[in-house]
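J.: The following file, final.txt, comprises compact mmCIF, C-alpha atoms and all ligand atoms:
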```txt
# COMPACT_ATOMS: atom_id res chain seq x y z
CA MET A 1 -141.93 51.46 -53.50
CA THR A 2 -144.84 49.66 -55.09
CA ASP A 3 -145.82 47.17 -52.37
CA SER A 4 -149.51 46.83 -51.70
CA LEU A 5 -150.21 48.38 -48.29
CA LEU A 6 -154.00 48.53 -48.22
CA GLU A 7 -156.63 46.46 -49.96
CA VAL A 8 -160.35 47.04 -49.36
CA ARG A 9 -162.59 44.46 -50.98
CA ASP A 10 -166.35 44.76 -51.34
CA LEU A 11 -166.72 46.55 -47.99
CA HIS A 12 -170.25 46.97 -46.62
CA VAL A 13 -170.87 49.05 -43.47
CA ARG A 14 -174.34 49.70 -42.08
CA PHE A 15 -175.94 51.66 -39.27
CA ASN A 16 -179.23 50.54 -37.76
CA THR A 17 -181.20 53.72 -37.05
CA PRO A 18 -184.84 54.43 -36.14
CA ARG A 19 -185.26 55.68 -39.71
CA GLY A 20 -184.02 52.38 -41.16
CA VAL A 21 -180.71 50.85 -42.18
CA VAL A 22 -178.13 53.37 -43.43
CA ARG A 23 -175.95 51.70 -46.06
CA ALA A 24 -172.96 53.96 -45.46
CA ASN A 25 -170.43 51.83 -47.35
CA ASN A 26 -171.95 49.73 -50.04
CA GLY A 27 -169.37 47.53 -51.76
CA ILE A 28 -166.16 49.57 -51.66
CA ASN A 29 -163.10 48.35 -53.54
CA LEU A 30 -159.91 50.31 -53.04
CA GLY A 31 -156.17 49.68 -53.02
CA MET A 32 -153.07 51.64 -52.02
CA ASN A 33 -149.38 50.99 -52.47
CA THR A 34 -146.71 52.18 -50.08
CA GLY A 35 -145.56 55.67 -51.09
CA GLU A 36 -148.79 56.61 -52.84
CA SER A 37 -151.07 59.52 -52.02
CA LEU A 38 -154.73 58.77 -52.63
CA GLY A 39 -157.57 61.29 -52.52
CA ILE A 40 -161.14 60.30 -51.61
CA MET A 41 -163.75 62.64 -52.98
CA GLY A 42 -167.54 62.77 -52.95
CA GLU A 43 -170.43 64.80 -51.64
CA SER A 44 -171.41 65.11 -48.00
CA GLY A 45 -172.84 61.88 -46.56
CA CYS A 46 -171.53 59.53 -49.28
CA GLY A 47 -169.55 57.46 -46.74
CA LYS A 48 -166.00 58.86 -46.76
CA THR A 49 -165.52 59.20 -42.99
CA VAL A 50 -167.21 55.86 -42.32
CA LEU A 51 -164.74 54.27 -44.76
CA ILE A 52 -161.64 55.65 -43.05
CA LEU A 53 -162.99 54.89 -39.57
CA SER A 54 -163.69 51.34 -40.74
CA LEU A 55 -160.03 50.96 -41.82
CA MET A 56 -159.20 51.42 -38.13
CA ARG A 57 -162.31 49.51 -36.97
CA LEU A 58 -163.62 52.66 -35.28
CA GLN A 59 -166.88 52.81 -37.22
CA GLN A 60 -169.11 51.88 -34.23
CA PRO A 61 -172.08 51.93 -33.89
CA GLY A 62 -171.78 51.06 -37.58
CA VAL A 63 -171.29 47.37 -38.32
CA ILE A 64 -169.04 45.88 -41.01
CA VAL A 65 -171.50 43.42 -42.52
CA GLY A 66 -169.48 42.26 -45.51
CA GLY A 67 -166.16 42.38 -47.33
CA SER A 68 -162.61 42.60 -46.05
CA ILE A 69 -159.85 45.08 -45.29
CA TRP A 70 -156.22 44.04 -45.62
CA PHE A 71 -153.54 46.32 -44.20
CA ASP A 72 -149.82 45.59 -44.26
CA GLY A 73 -150.41 41.88 -44.82
CA ARG A 74 -153.04 41.43 -42.10
CA GLU A 75 -156.79 41.08 -42.44
CA VAL A 76 -157.95 43.97 -40.25
CA THR A 77 -161.55 42.78 -40.34
CA ARG A 78 -160.52 39.62 -38.45
CA LEU A 79 -158.29 41.16 -35.78
CA THR A 80 -159.35 41.40 -32.14
CA GLN A 81 -159.73 44.87 -30.57
CA LYS A 82 -156.44 44.23 -28.70
CA GLU A 83 -154.65 43.37 -31.95
CA MET A 84 -156.17 46.51 -33.49
CA GLN A 85 -154.10 48.59 -31.04
CA THR A 86 -151.02 47.69 -33.10
CA VAL A 87 -152.76 48.92 -36.27
CA ARG A 88 -154.08 52.20 -34.84
CA GLY A 89 -151.40 54.83 -34.46
CA LYS A 90 -148.30 52.90 -35.55
CA GLY A 91 -149.99 51.37 -38.59
CA ILE A 92 -152.61 53.96 -39.51
CA ALA A 93 -152.68 57.45 -37.98
CA LEU A 94 -155.68 59.69 -38.45
CA ILE A 95 -155.69 63.47 -38.68
CA PRO A 96 -159.35 63.97 -37.73
CA GLN A 97 -161.97 66.05 -39.55
CA ASN A 98 -162.50 68.65 -36.82
CA HIS A 99 -159.19 69.99 -35.52
CA SER A 100 -160.84 72.39 -33.05
CA THR A 101 -162.33 69.55 -31.00
CA ALA A 102 -159.60 66.94 -31.52
CA LEU A 103 -157.16 68.34 -28.94
CA ASN A 104 -157.85 68.03 -25.22
CA PRO A 105 -158.46 71.58 -23.88
CA ALA A 106 -157.17 70.67 -20.41
CA TYR A 107 -153.60 69.76 -21.46
CA THR A 108 -150.81 71.73 -23.11
CA VAL A 109 -149.62 70.89 -26.61
CA GLY A 110 -146.37 69.59 -25.11
CA GLU A 111 -148.21 67.21 -22.80
CA GLN A 112 -150.34 65.89 -25.64
CA LEU A 113 -147.40 65.43 -28.02
CA GLY A 114 -145.36 63.82 -25.26
CA GLU A 115 -148.16 61.41 -24.53
CA THR A 116 -148.31 60.48 -28.21
CA LEU A 117 -144.59 59.70 -28.14
CA GLY A 118 -145.09 57.67 -24.99
CA ARG A 119 -147.78 55.64 -26.70
CA ARG A 120 -145.40 54.82 -29.53
CA GLN A 121 -142.54 53.50 -27.49
CA GLY A 122 -143.75 53.04 -23.95
CA LYS A 123 -143.43 55.84 -21.40
CA THR A 124 -140.25 57.70 -22.26
CA GLY A 125 -140.03 60.29 -19.57
CA LEU A 126 -140.59 63.02 -22.14
CA TRP A 127 -144.26 63.19 -21.21
CA GLN A 128 -143.34 63.91 -17.59
CA THR A 129 -140.73 66.53 -18.49
CA LEU A 130 -143.08 68.25 -20.90
CA ARG A 131 -145.79 68.14 -18.29
CA ALA A 132 -143.46 69.85 -15.85
CA GLY A 133 -142.77 72.46 -18.53
CA THR A 134 -139.08 71.65 -18.78
CA PRO A 135 -138.55 69.83 -22.06
CA GLY A 136 -135.15 68.21 -21.96
CA ALA A 137 -133.27 69.50 -24.99
CA GLY A 138 -130.69 67.01 -26.21
CA THR A 139 -132.64 63.86 -25.31
CA ARG A 140 -133.44 61.58 -28.24
CA ASP A 141 -137.21 62.02 -27.82
CA TYR A 142 -137.01 65.79 -27.64
CA GLU A 143 -134.81 65.91 -30.72
CA ASN A 144 -137.30 63.67 -32.52
CA LEU A 145 -140.14 65.98 -31.51
CA ARG A 146 -138.12 69.00 -32.61
CA HIS A 147 -137.34 67.39 -35.95
CA VAL A 148 -141.02 66.69 -36.67
CA LEU A 149 -142.16 70.15 -35.55
CA SER A 150 -139.45 71.98 -37.48
CA GLY A 151 -140.61 70.12 -40.61
CA LEU A 152 -144.01 71.66 -39.88
CA GLY A 153 -142.61 75.19 -39.67
CA PHE A 154 -141.84 75.47 -35.93
CA ASN A 155 -138.09 75.75 -36.37
CA ASP A 156 -137.20 78.50 -33.94
CA GLU A 157 -136.38 77.13 -30.48
CA SER A 158 -138.27 79.84 -28.56
CA VAL A 159 -141.34 79.53 -30.85
CA LEU A 160 -141.20 75.79 -30.34
CA ARG A 161 -141.05 76.10 -26.56
CA ARG A 162 -143.93 78.56 -26.57
CA LEU A 163 -145.94 76.15 -28.68
CA LEU A 164 -145.27 73.25 -26.31
CA ALA A 165 -146.41 75.34 -23.35
CA SER A 166 -149.61 76.52 -25.08
CA TYR A 167 -153.11 75.25 -24.42
CA PRO A 168 -155.24 74.38 -27.48
CA HIS A 169 -157.44 77.49 -27.14
CA GLU A 170 -154.31 79.64 -27.56
CA LEU A 171 -153.56 78.20 -31.03
CA SER A 172 -154.64 79.61 -34.38
CA GLY A 173 -156.51 77.26 -36.72
CA GLY A 174 -153.36 76.60 -38.75
CA MET A 175 -151.25 75.92 -35.66
CA GLY A 176 -153.87 73.51 -34.32
CA GLN A 177 -153.89 71.71 -37.65
CA ARG A 178 -150.10 71.43 -37.62
CA VAL A 179 -150.12 70.03 -34.08
CA LEU A 180 -152.54 67.31 -35.21
CA ILE A 181 -150.33 66.54 -38.19
CA ALA A 182 -147.32 66.36 -35.83
CA MET A 183 -149.22 63.92 -33.59
CA ALA A 184 -149.86 61.65 -36.55
CA LEU A 185 -146.24 61.84 -37.77
CA LEU A 186 -144.69 61.20 -34.34
CA LEU A 187 -146.21 57.74 -34.42
CA GLU A 188 -144.20 57.01 -37.60
CA PRO A 189 -147.21 55.31 -39.14
CA LYS A 190 -147.22 53.36 -42.39
CA LEU A 191 -150.31 55.26 -43.54
CA VAL A 192 -151.47 58.77 -42.61
CA ILE A 193 -155.13 59.61 -43.23
CA ALA A 194 -156.30 63.23 -43.25
CA ASP A 195 -160.07 63.76 -43.11
CA GLU A 196 -161.01 67.12 -44.68
CA PRO A 197 -157.70 68.75 -43.69
CA THR A 198 -158.46 72.12 -45.29
CA THR A 199 -162.25 72.55 -45.27
CA ALA A 200 -162.63 74.49 -42.02
CA LEU A 201 -159.59 76.74 -42.56
CA ASP A 202 -159.37 80.33 -43.74
CA ARG A 203 -157.69 81.00 -47.09
CA ALA A 204 -154.16 81.71 -45.87
CA THR A 205 -154.12 78.79 -43.43
CA ARG A 206 -155.55 76.56 -46.12
CA ALA A 207 -152.73 77.44 -48.54
CA GLU A 208 -150.18 76.80 -45.79
CA THR A 209 -151.71 73.42 -44.89
CA LEU A 210 -151.90 72.42 -48.56
CA GLU A 211 -148.25 73.25 -49.06
CA LEU A 212 -147.39 71.23 -45.97
CA LEU A 213 -149.40 68.16 -46.93
CA GLY A 214 -148.02 68.38 -50.48
CA ARG A 215 -144.48 68.21 -49.08
CA LEU A 216 -145.49 65.41 -46.72
CA SER A 217 -146.87 63.31 -49.55
CA ALA A 218 -143.36 63.08 -51.05
CA ASP A 219 -142.23 60.64 -48.36
CA THR A 220 -145.40 59.56 -46.54
CA THR A 221 -148.15 57.22 -47.68
CA LEU A 222 -151.10 59.54 -47.47
CA MET A 223 -154.87 59.23 -47.87
CA VAL A 224 -156.70 62.54 -48.02
CA VAL A 225 -160.47 62.91 -47.82
CA SER A 226 -161.66 66.16 -49.32
CA HIS A 227 -164.51 67.88 -51.14
CA GLU A 228 -162.05 70.19 -52.80
CA VAL A 229 -160.48 69.53 -56.19
CA GLU A 230 -157.69 72.01 -55.45
CA THR A 231 -156.68 70.11 -52.30
CA LEU A 232 -156.54 66.78 -54.09
CA VAL A 233 -154.69 68.16 -57.12
CA CYS A 234 -151.99 69.61 -54.84
CA ILE A 235 -151.51 66.48 -52.77
CA CYS A 236 -152.65 63.26 -54.43
CA ASN A 237 -151.36 61.24 -57.36
CA ARG A 238 -154.54 59.13 -57.50
CA VAL A 239 -158.17 59.84 -56.60
CA ALA A 240 -161.26 57.74 -55.89
CA VAL A 241 -164.69 59.34 -56.36
CA MET A 242 -167.44 58.00 -54.09
CA TYR A 243 -171.19 58.09 -54.54
CA GLY A 244 -173.80 56.25 -52.47
CA GLY A 245 -171.21 54.41 -50.38
CA ARG A 246 -169.36 53.09 -53.41
CA VAL A 247 -166.29 54.08 -55.45
CA VAL A 248 -167.78 55.00 -58.84
CA GLU A 249 -164.52 56.07 -60.45
CA SER A 250 -160.83 56.01 -59.62
CA GLY A 251 -157.65 56.82 -61.44
CA VAL A 252 -154.62 59.08 -61.82
CA THR A 253 -155.59 62.54 -60.51
CA GLY A 254 -154.81 64.45 -63.72
CA ARG A 255 -156.85 62.05 -65.84
CA VAL A 256 -159.89 61.93 -63.54
CA PHE A 257 -160.08 65.73 -63.34
CA SER A 258 -159.32 66.47 -67.00
CA ASP A 259 -161.20 63.53 -68.54
CA PRO A 260 -163.76 62.19 -66.01
CA HIS A 261 -165.30 58.94 -67.21
CA HIS A 262 -168.33 58.68 -64.89
CA PRO A 263 -171.33 61.05 -65.30
CA TYR A 264 -171.33 61.68 -61.54
CA THR A 265 -167.67 62.74 -61.57
CA ARG A 266 -168.46 65.20 -64.36
CA ILE A 267 -171.39 66.70 -62.40
CA LEU A 268 -169.31 66.87 -59.22
CA LEU A 269 -166.50 68.68 -61.02
CA GLN A 270 -168.89 71.07 -62.77
CA SER A 271 -170.54 72.03 -59.48
CA GLN A 272 -167.09 72.58 -57.91
CA HIS A 273 -166.23 74.85 -60.76
CA LEU A 274 -169.42 76.84 -60.32
CA ILE A 275 -168.86 77.47 -56.64
CA ARG A 276 -165.09 77.94 -56.86
CA GLY A 277 -163.78 75.09 -54.82
CA LYS A 278 -166.15 75.49 -51.85
CA PRO A 279 -167.52 72.22 -50.40
CA VAL A 280 -170.01 70.54 -52.68
CA SER A 281 -173.31 69.11 -51.62
CA SER A 282 -175.51 69.41 -54.62
CA ALA A 283 -179.10 68.77 -53.51
CA ALA A 284 -179.85 67.70 -57.06
CA VAL A 285 -177.70 64.60 -56.70
CA ALA A 286 -177.81 63.94 -52.92
CA LEU A 287 -178.84 60.36 -52.19
CA ASP A 288 -180.97 59.12 -49.28
CA MET A 289 -178.61 56.52 -47.80
CA VAL A 290 -181.55 54.58 -46.31
CA ASN A 291 -183.81 54.25 -49.34
CA PHE A 292 -181.52 53.19 -52.14
CA PRO A 293 -183.09 53.06 -55.59
CA PRO A 294 -182.64 49.76 -57.45
CA GLY A 295 -179.84 49.56 -60.02
CA CYS A 296 -177.21 52.28 -60.08
CA PRO A 297 -177.84 54.60 -57.09
CA PHE A 298 -177.00 57.59 -59.29
CA HIS A 299 -179.50 56.77 -62.06
CA PRO A 300 -182.37 59.02 -60.79
CA PHE A 301 -180.07 62.04 -61.19
CA CYS A 302 -178.01 60.87 -64.18
CA PRO A 303 -178.63 62.85 -67.37
CA GLU A 304 -177.30 59.92 -69.39
CA ALA A 305 -179.16 56.99 -67.78
CA VAL A 306 -180.41 54.11 -69.96
CA PRO A 307 -183.00 51.47 -68.90
CA ALA A 308 -180.33 49.07 -67.57
CA CYS A 309 -179.25 51.72 -65.03
CA SER A 310 -182.52 51.42 -63.08
CA ARG A 311 -182.49 47.61 -63.19
CA GLU A 312 -178.97 46.42 -62.35
CA GLU A 313 -176.10 47.71 -60.29
CA PRO A 314 -173.30 48.54 -62.72
CA PRO A 315 -170.27 46.24 -62.57
CA GLU A 316 -166.93 47.81 -61.74
CA THR A 317 -164.57 47.83 -64.73
CA VAL A 318 -160.99 47.80 -63.54
CA PHE A 319 -158.20 49.02 -65.80
CA ASP A 320 -154.50 49.68 -65.41
CA SER A 321 -154.59 52.80 -63.33
CA GLY A 322 -158.18 52.93 -62.12
CA SER A 323 -161.80 51.81 -62.33
CA VAL A 324 -165.28 52.92 -63.40
CA ALA A 325 -168.65 51.55 -62.24
CA CYS A 326 -171.12 52.59 -64.94
CA HIS A 327 -173.28 50.70 -67.44
CA LEU A 328 -172.32 53.17 -70.12
CA TYR A 329 -168.59 52.67 -69.83
CA ASN A 330 -167.40 50.74 -72.85
CA GLY A 331 -163.80 50.18 -71.83
CA SER A 332 -162.31 53.35 -73.24
CA GLY A 333 -163.00 57.05 -73.00
CA THR A 334 -165.99 58.40 -71.12
CA CYS A 335 -169.31 56.74 -70.28
CA SER A 336 -171.73 57.64 -73.01
CA LYS A 337 -174.74 56.27 -74.85
N1 LIG A 401 -173.15 57.17 -35.98
C1 LIG A 401 -173.96 57.15 -37.03
N2 LIG A 401 -175.24 56.75 -36.91
C2 LIG A 401 -176.08 56.71 -37.97
N3 LIG A 401 -175.72 57.04 -39.23
C3 LIG A 401 -174.44 57.45 -39.41
C4 LIG A 401 -173.50 57.53 -38.34
N4 LIG A 401 -172.32 57.98 -38.83
C5 LIG A 401 -172.52 58.18 -40.15
N5 LIG A 401 -173.78 57.86 -40.50
C6 LIG A 401 -174.38 57.95 -41.84
O1 LIG A 401 -173.53 57.28 -42.75
C7 LIG A 401 -173.51 58.00 -43.99
C8 LIG A 401 -172.08 58.32 -44.35
O2 LIG A 401 -171.57 59.25 -43.39
P1 LIG A 401 -170.09 59.83 -43.46
O3 LIG A 401 -169.85 60.54 -42.18
O4 LIG A 401 -169.15 58.75 -43.83
O5 LIG A 401 -170.21 60.89 -44.65
P2 LIG A 401 -169.06 61.76 -45.31
O6 LIG A 401 -168.94 61.34 -46.74
O7 LIG A 401 -167.83 61.69 -44.48
O8 LIG A 401 -169.70 63.22 -45.26
P3 LIG A 401 -169.03 64.66 -44.96
O9 LIG A 401 -168.40 65.06 -46.25
O10 LIG A 401 -170.21 65.51 -44.60
O11 LIG A 401 -168.05 64.51 -43.85
C9 LIG A 401 -174.38 59.23 -43.81
O12 LIG A 401 -175.66 58.96 -44.36
C10 LIG A 401 -174.45 59.40 -42.32
O13 LIG A 401 -175.67 60.00 -41.93
MG MG A 402 -166.82 63.09 -43.29
```
Can you dump the structure from the file as structure tokens?
Ligand SMILES: Nc1ncnc2c1ncn2[C@@H]1O[C@H](COP(=O)(O)OP(=O)(O)OP(=O)(O)O)[C@@H](O)[C@H]1O
Ligand SMILES: [Mg+2]
T.:
Amino acid sequence: MTDSLLEVRDLHVRFNTPRGVVRANNGINLGMNTGESLGIMGESGCGKTVLILSLMRLQQPGVIVGGSIWFDGREVTRLTQKEMQTVRGKGIALIPQNHSTALNPAYTVGEQLGETLGRRQGKTGLWQTLRAGTPGAGTRDYENLRHVLSGLGFNDESVLRRLLASYPHELSGGMGQRVLIAMALLLEPKLVIADEPTTALDRATRAETLELLGRLSADTTLMVVSHEVETLVCICNRVAVMYGGRVVESGVTGRVFSDPHHPYTRILLQSQHLIRGKPVSSAAVALDMVNFPPGCPFHPFCPEAVPACSREEPPETVFDSGSVACHLYNGSGTCSK
């Protein structure tokens, strides 16, 4: 399972705002093979959500002003909105950042899951039966639904039926999160993307969700956006670290976390350590995404910067299992003077 599934090349996404142009994605290069689990990490505002929305062409009012996205052999950046409907859901399914607002409060869980199934394979009748509150045990669709939900811990028939009849406000945070994961899985997508799947959860629910996503990553191609090292260590075999709308370092998870090459990765990991895995947004290194400094965007905060860092954007050095974009990187080991 090493086929290339996703290839992002030099992606630029901008927002025109009254304050000026926000350069949310600023030359992103990223690749994923089928079967991989990739973590995207970086401080608040560095462009993670804009990146994953752009993969589904949902970044509006942001505009993709440069670069390309290839997914499953097709150039997503050239597809029409109608063609994009075959990419969204069946190709790429998103578990959104805020689970408490992602479900429709006016419909039961069963209705919403049934509708998802209907979207995958045309109306199946399951939506109507779930809507009427009489899920038809034994039908292929119901068994499919039951299979997915039992993999998410709803394996008792009466618990399952209660869940299907519940409205979103009746769910705990962890249950809501699992329903969103089920929605993504029911579409049998080639790539599942989870945006901050654990950030808003309490400790116990977080551990449960981590365990679940870890199991899922064994047979699903998974991209996980997270601030939290612990989340990425549990789930992802590779990570990409973003700063200023760019991937500044990528590589095998163990290597990036034990031997970070880029000065920003080191600072990010140190600040995580200091605040014990809570979300990081270190004011000392937060970048104004409108007024980019010349050269490397990290140079004003970099304790190791040399004169070249304020003059030229660092090239991206690509090696076997990853990449580093830093003037100080000499091809082996860490970036240093
Ligand atoms: N609709 C929008 N209009 C204007 N600017 C936007 C819009 N959406 C995002 N941005 C800007 O794009 C940049 C990247 O935002 P993005 O949501 O991708 O950050 P993020 O890395 O996901 O942050 P967080 O970790 O807080 O979720 C930010 O500067 C943000 O203010
Ligand atoms: Mg985000």
J.: Enter the distance from atom CA of Phe298 of chain A to atom CA of Ile40 of chain A, in Å, rounded to one decimal.
T.: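 Atom CA of Phe298 of chain A sits 17.8 Å away from atom CA of Ile40 of chain A.
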J.: Calculated over only C-alpha atoms and all ligand atoms, which of the candidates A:Val290, A:Ala305, A:Leu149, A:Leu117 has the smallest distance to ligand LIG 401 (chain A)?
T.: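 Closest to ligand LIG 401 (chain A) of all the choices is A:Val290.
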J.: How many Å separate atom CA of His261 of chain A from atom CA of Glu230 of chain A?
T.: 19.2 Å
J.: List every protein, DNA or RNA residue that has an atom no more than 6 Å from (-167.5, 48.4, -46.0) in the file's coordinate frame, counting all atoms listed in the file, and report them as a PyMOL selection string.
T.: chain A and resi 11-13+25+28+64
J.: Give me, as a VMD selection string, the set of residues whose atoms come within 8 Å of any atom of ligand MG 402 (chain A), counting only C-alpha atoms and all ligand atoms.
T.: chain A and resid 44 to 45 47 to 50 97 195 to 196 225
J.: Those residues with C-alpha atoms, as an mmCIF file, in the coordinates of the input please?
T.:
```
data_model
loop_
_atom_site.group_PDB
_atom_site.id
_atom_site.type_symbol
_atom_site.label_atom_id
_atom_site.label_comp_id
_atom_site.auth_asym_id
_atom_site.auth_seq_id
_atom_site.Cartn_x
_atom_site.Cartn_y
_atom_site.Cartn_z
ATOM 1 C CA SER A 44 -171.410 65.110 -48.000
ATOM 2 C CA GLY A 45 -172.840 61.880 -46.560
ATOM 3 C CA GLY A 47 -169.550 57.460 -46.740
ATOM 4 C CA LYS A 48 -166.000 58.860 -46.760
ATOM 5 C CA THR A 49 -165.520 59.200 -42.990
ATOM 6 C CA VAL A 50 -167.210 55.860 -42.320
ATOM 7 C CA GLN A 97 -161.970 66.050 -39.550
ATOM 8 C CA ASP A 195 -160.070 63.760 -43.110
ATOM 9 C CA GLU A 196 -161.010 67.120 -44.680
ATOM 10 C CA VAL A 225 -160.470 62.910 -47.820
#
```
J.: Could you list, as number ranges by chain, every residue within 12 Å of Thr101 of chain A, counting all atoms listed in the file and ignoring same-chain residues fewer than 3 positions away?
T.: A: 95-98, 104-106, 168-169, 173, 176-177, 180
J.: Residues of chain A within 7 Å of ligand LIG 401 (chain A): nearest atom pair and distance (Å, one decimal) for each, counting all atoms listed in the file, sorted by chain and number, as JSON lines?
T.:
```
{"residue": "A:Phe15", "atom": "CA", "partner": "A:LIG401", "partner_atom": "C2", "distance": 5.2}
{"residue": "A:Asn16", "atom": "CA", "partner": "A:LIG401", "partner_atom": "C2", "distance": 6.9}
{"residue": "A:Thr17", "atom": "CA", "partner": "A:LIG401", "partner_atom": "C2", "distance": 6.0}
{"residue": "A:Val22", "atom": "CA", "partner": "A:LIG401", "partner_atom": "O1", "distance": 6.1}
{"residue": "A:Arg23", "atom": "CA", "partner": "A:LIG401", "partner_atom": "O1", "distance": 6.9}
{"residue": "A:Ala24", "atom": "CA", "partner": "A:LIG401", "partner_atom": "O1", "distance": 4.3}
{"residue": "A:Gly42", "atom": "CA", "partner": "A:LIG401", "partner_atom": "O6", "distance": 6.5}
{"residue": "A:Glu43", "atom": "CA", "partner": "A:LIG401", "partner_atom": "O9", "distance": 5.8}
{"residue": "A:Ser44", "atom": "CA", "partner": "A:LIG401", "partner_atom": "O9", "distance": 3.5}
{"residue": "A:Gly45", "atom": "CA", "partner": "A:LIG401", "partner_atom": "O5", "distance": 3.4}
{"residue": "A:Cys46", "atom": "CA", "partner": "A:LIG401", "partner_atom": "O6", "distance": 4.1}
{"residue": "A:Gly47", "atom": "CA", "partner": "A:LIG401", "partner_atom": "O4", "distance": 3.2}
{"residue": "A:Lys48", "atom": "CA", "partner": "A:LIG401", "partner_atom": "O6", "distance": 3.8}
{"residue": "A:Thr49", "atom": "CA", "partner": "A:LIG401", "partner_atom": "O7", "distance": 3.7}
{"residue": "A:Val50", "atom": "CA", "partner": "A:LIG401", "partner_atom": "O4", "distance": 3.8}
{"residue": "A:Leu51", "atom": "CA", "partner": "A:LIG401", "partner_atom": "O4", "distance": 6.4}
{"residue": "A:Gln60", "atom": "CA", "partner": "A:LIG401", "partner_atom": "N1", "distance": 6.9}
{"residue": "A:Pro61", "atom": "CA", "partner": "A:LIG401", "partner_atom": "N1", "distance": 5.7}
{"residue": "A:Gly62", "atom": "CA", "partner": "A:LIG401", "partner_atom": "N1", "distance": 6.5}
{"residue": "A:His227", "atom": "CA", "partner": "A:LIG401", "partner_atom": "O9", "distance": 6.9}
{"residue": "A:Met289", "atom": "CA", "partner": "A:LIG401", "partner_atom": "O12", "distance": 5.1}
```
J.: Using only C-alpha atoms, list the residues that have an atom at most 10 Å from (-178.3, 61.5, -62.7), coordinates as in the file, as a list of chain:residue names.
T.: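 Using only C-alpha atoms, the matching residues come out as A:Pro263, A:Tyr264, A:Ile267, A:Ala284, A:Val285, A:Cys296, A:Pro297, A:Phe298, A:His299, A:Pro300, A:Phe301, A:Cys302, A:Pro303, A:Glu304, A:Ala305.
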J.: What does the structure give for the distance between atom CA of Gln112 of chain A and atom CA of Gly91 of chain A, in Å to one decimal?
T.: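 Pair atom CA of Gln112 of chain A / atom CA of Gly91 of chain A returns 19.5 Å.
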J.: For a quick check of understanding, using all atoms listed in the file, which of A:Arg246, A:Phe319, A:Ala325, A:Leu113 has the smallest distance to Ala165 of chain A?
T.: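 So, comparing all the options, the nearest one is A:Leu113.
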J.: Identify, on the basis of all atoms listed in the file, every residue whose closest approach to Val247 of chain A does not exceed 8 Å; exclude the query and any residue fewer than 3 positions from it along the same chain; express the result as JSON, numbers by chain.
T.: {"A": [28, 29, 30, 240, 241, 242, 243, 250, 325]}
J.: Export, as an mmCIF file, in the coordinates of the input, the selected residues with C-alpha atoms.
T.:
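Final output, part_27.cif:
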```cif
data_model
loop_
_atom_site.group_PDB
_atom_site.id
_atom_site.type_symbol
_atom_site.label_atom_id
_atom_site.label_comp_id
_atom_site.auth_asym_id
_atom_site.auth_seq_id
_atom_site.Cartn_x
_atom_site.Cartn_y
_atom_site.Cartn_z
ATOM 1 C CA ILE A 28 -166.160 49.570 -51.660
ATOM 2 C CA ASN A 29 -163.100 48.350 -53.540
ATOM 3 C CA LEU A 30 -159.910 50.310 -53.040
ATOM 4 C CA ALA A 240 -161.260 57.740 -55.890
ATOM 5 C CA VAL A 241 -164.690 59.340 -56.360
ATOM 6 C CA MET A 242 -167.440 58.000 -54.090
ATOM 7 C CA TYR A 243 -171.190 58.090 -54.540
ATOM 8 C CA SER A 250 -160.830 56.010 -59.620
ATOM 9 C CA ALA A 325 -168.650 51.550 -62.240
#
```
J.: Neighbours of Gly295 of chain A within 12 Å (all atoms listed in the file; same-chain residues fewer than 3 positions away dropped), as a list in words?
T.: Gly244, Phe292, Phe298, His299, Pro300, Ala305, Val306, Pro307, Ala308, Cys309, Ser310, Arg311, Glu312, Glu313, Pro314, Pro315, Ala325, Cys326 and His327 of chain A
